[in-house]
Amino acid sequence: MISAHDLTKTYTFHQQTAGLAGALKSLVKRKYETRLAVDQITFGIERGEVVGLLGPNGAGKTTTLKMLSGLLYITSGELQVLGFKPSDRKHDYLRRIALVMGQKTMLWWDVPAMESLLLHKDMYGLSTKEFERNVDELAELLDVKDLLNVQVRKTSLGERMKLELMAALVHGPEILFLDEPTIGLDVVAKARVREFLGEVNKVRGTTILVTSHDMDDIEALCSRVMIIDHGRLQYDGGLEELVRTARPRKLVRATYAEPIDGATLATLEGLTEIEGDSRVVKLEVERDQTGELLERLSRLGPLVDLDVADADIEEIMRDLFLREGKR
Ligand SMILES: Nc1ncnc2c1ncn2[C@@H]1O[C@H](COP(=O)(O)OP(=O)(O)OP(=O)(O)O)[C@@H](O)[C@H]1O
């Protein structure tokens, strides 16, 4: 569905010093600079996939989404989406995709969302039947029936995001490009948006490429992630695989009813922390030795709680980005 080969974007822009003098000077003598935002990335995305595009601020994620949706020309490389060259912005192409940017709105503020939806109906040439079916289905899934006739400026951020998603999906796109869809939302609204996107992918088979700084979004939605940093693709593969490769050890936390004596604790391999007056013990263990360790821990004293987890994905990202940043 999406095929990118050595995709590159360089921005050319001019520097301007502050103040009127700076503005006048830049009119006479412009100093141009270039910035490599996306640097020869190659990837393919199949129909029905949900892929997370991750990376620190300024990594090139939004630029990539803008090239894929045809908002920006590519500087070099090859890019095909649904067999189209996105920057041609052919109507047949735009009908089959949608781009939602968490920080931008495509709804008119001063009128109810329904007015914007009706505009989309005309823009995309939807029949009344098709439009009504889509509106009903989406309003039900998003639980926004009562909001469609309220002035957009009177809705909350979470409600507006749901309406944005509705506006993006009303023409039934095959691909959805999402840039930070849960930014600024509270935990409940975030969960609803994730649930909805998962449903859209499952029910309609919509392919989704999503950027987010919220790892819970990524864990809930994506089985595949692409990590981009300084414009370069650093990783493309399974999320679980990434966790297993970056942090192969499991994290174990055992809580006892009584303190465990120091001599016994000293014999434990992989011990990382002791807390709560020697009642709480934290360890790291190789995956295949987890069973053995748990058995051992259960013999040390009366257990109150036992927790086994993979390394936190957020932590893995922080380590990866710090490492890449230092290169
Ligand atoms: N219009 C522009 N002109 C010049 N440089 C730009 C422009 N837009 C983006 N850049 C630069 O390109 C680089 C990539 O920006 P981009 O917005 O794609 O990053 P991002 O990964 O989406 O970051 P964030 O997580 O902060 O949204 C950054 O260094 C940014 O400053």
# chains A, B, ... in the order shown; residues from 1 in each chain; ligands from 1
>>> residues_near_ligand(ligand="ligand 1", cutoff="9 Å", atoms="only C-alpha atoms and all ligand atoms", output="ChimeraX atom specification")
/A:9-14,33-38,53-66,179-180,211-213,228-231
>>> select_by_dssp(residues="stretch 65-204 of chain A", states="alpha helix (DSSP H)", output="ChimeraX atom specification")
/A:65-68,91-94,113-123,128-142,157-169,187-204
>>> residues_around(residues="A:Ala167", least_positions_apart="4", cutoff="12 Å", atoms="only C-alpha atoms", output="ChimeraX atom specification")
/A:98-100,105-108,112-121,123-124,131,134-135,138-139,142,144,148,160-163,171-173,176
>>> closest_residue(among="A:Lys85, A:Arg133, A:His91, A:Lys282", to="A:Val170", atoms="only C-alpha atoms")
A:Arg133
>>> closest_residue(among="A:Glu174, A:Glu164, A:Asp312, A:Asp288", to="A:Glu219", atoms="only C-alpha atoms")
A:Asp312
>>> closest_residue(among="A:Gly270, A:Gly238, A:Gly70, A:Gly125", to="A:Lys90", atoms="only C-alpha atoms")
A:Gly70
>>> residues_around(residues="A:Leu185", least_positions_apart="5", cutoff="12 Å", atoms="only C-alpha atoms", output="list in words")
Gly102, Gln103, Ser156, Leu157, Gly158, Glu159, Arg160, Met161, Lys162, Glu180, Lys190, Ala191, Arg192, Val193, Arg194, Asp214 and Asp217 of chain A
>>> residues_around(residues="A:Val111", least_positions_apart="6", cutoff="9 Å", atoms="only C-alpha atoms", output="PyMOL selection string")
chain A and resi 149-153
>>> write_last_selection(atoms="N, CA and C atoms", output="PDB file, in the first residue's frame")
ATOM      1  N   ASN A 149     -24.429  18.749  16.504  1.00  0.00           N
ATOM      2  CA  ASN A 149     -25.105  20.018  16.229  1.00  0.00           C
ATOM      3  C   ASN A 149     -24.745  21.128  17.219  1.00  0.00           C
ATOM      4  N   VAL A 150     -23.600  20.938  17.894  1.00  0.00           N
ATOM      5  CA  VAL A 150     -23.108  21.952  18.837  1.00  0.00           C
ATOM      6  C   VAL A 150     -21.968  22.706  18.146  1.00  0.00           C
ATOM      7  N   GLN A 151     -21.918  24.014  18.348  1.00  0.00           N
ATOM      8  CA  GLN A 151     -20.816  24.807  17.783  1.00  0.00           C
ATOM      9  C   GLN A 151     -19.477  24.201  18.236  1.00  0.00           C
ATOM     10  N   VAL A 152     -18.561  23.988  17.316  1.00  0.00           N
ATOM     11  CA  VAL A 152     -17.310  23.298  17.649  1.00  0.00           C
ATOM     12  C   VAL A 152     -16.559  24.008  18.779  1.00  0.00           C
ATOM     13  N   ARG A 153     -16.574  25.354  18.779  1.00  0.00           N
ATOM     14  CA  ARG A 153     -15.821  26.082  19.815  1.00  0.00           C
ATOM     15  C   ARG A 153     -16.369  25.812  21.220  1.00  0.00           C
TER      16      ARG A 153
END
>>> select_by_dssp(residues="stretch 68-260 of chain A", states="strand (DSSP E or B)", output="VMD selection string")
chain A and resid 76 to 81 84 97 to 101 112 151 175 to 179 207 to 211 224 to 229 232 to 238 249 to 256
>>> atom_distance(atom1="atom CA of A:Val188", atom2="atom CA of A:Glu140")
17.5 Å
>>> closest_residue(among="A:Thr155, A:Ser3, A:Glu130, A:Lys29", to="A:Gly83", atoms="only C-alpha atoms")
A:Ser3
>>> residues_around(residues="A:Arg244", least_positions_apart="2", cutoff="12 Å", atoms="only C-alpha atoms", output="ChimeraX atom specification")
/A:237-242,246-250,286-287,309-313,316
>>> residues_around(residues="A:Ser278", least_positions_apart="3", cutoff="10 Å", atoms="only C-alpha atoms", output="PyMOL selection string")
chain A and resi 255-256+258-262+265+273-275+281
>>> atom_distance(atom1="atom CA of A:Ile45", atom2="atom CA of A:Arg318")
25.7 Å
>>> atom_distance(atom1="atom CA of A:Gly48", atom2="atom CA of A:Thr8")
25.2 Å
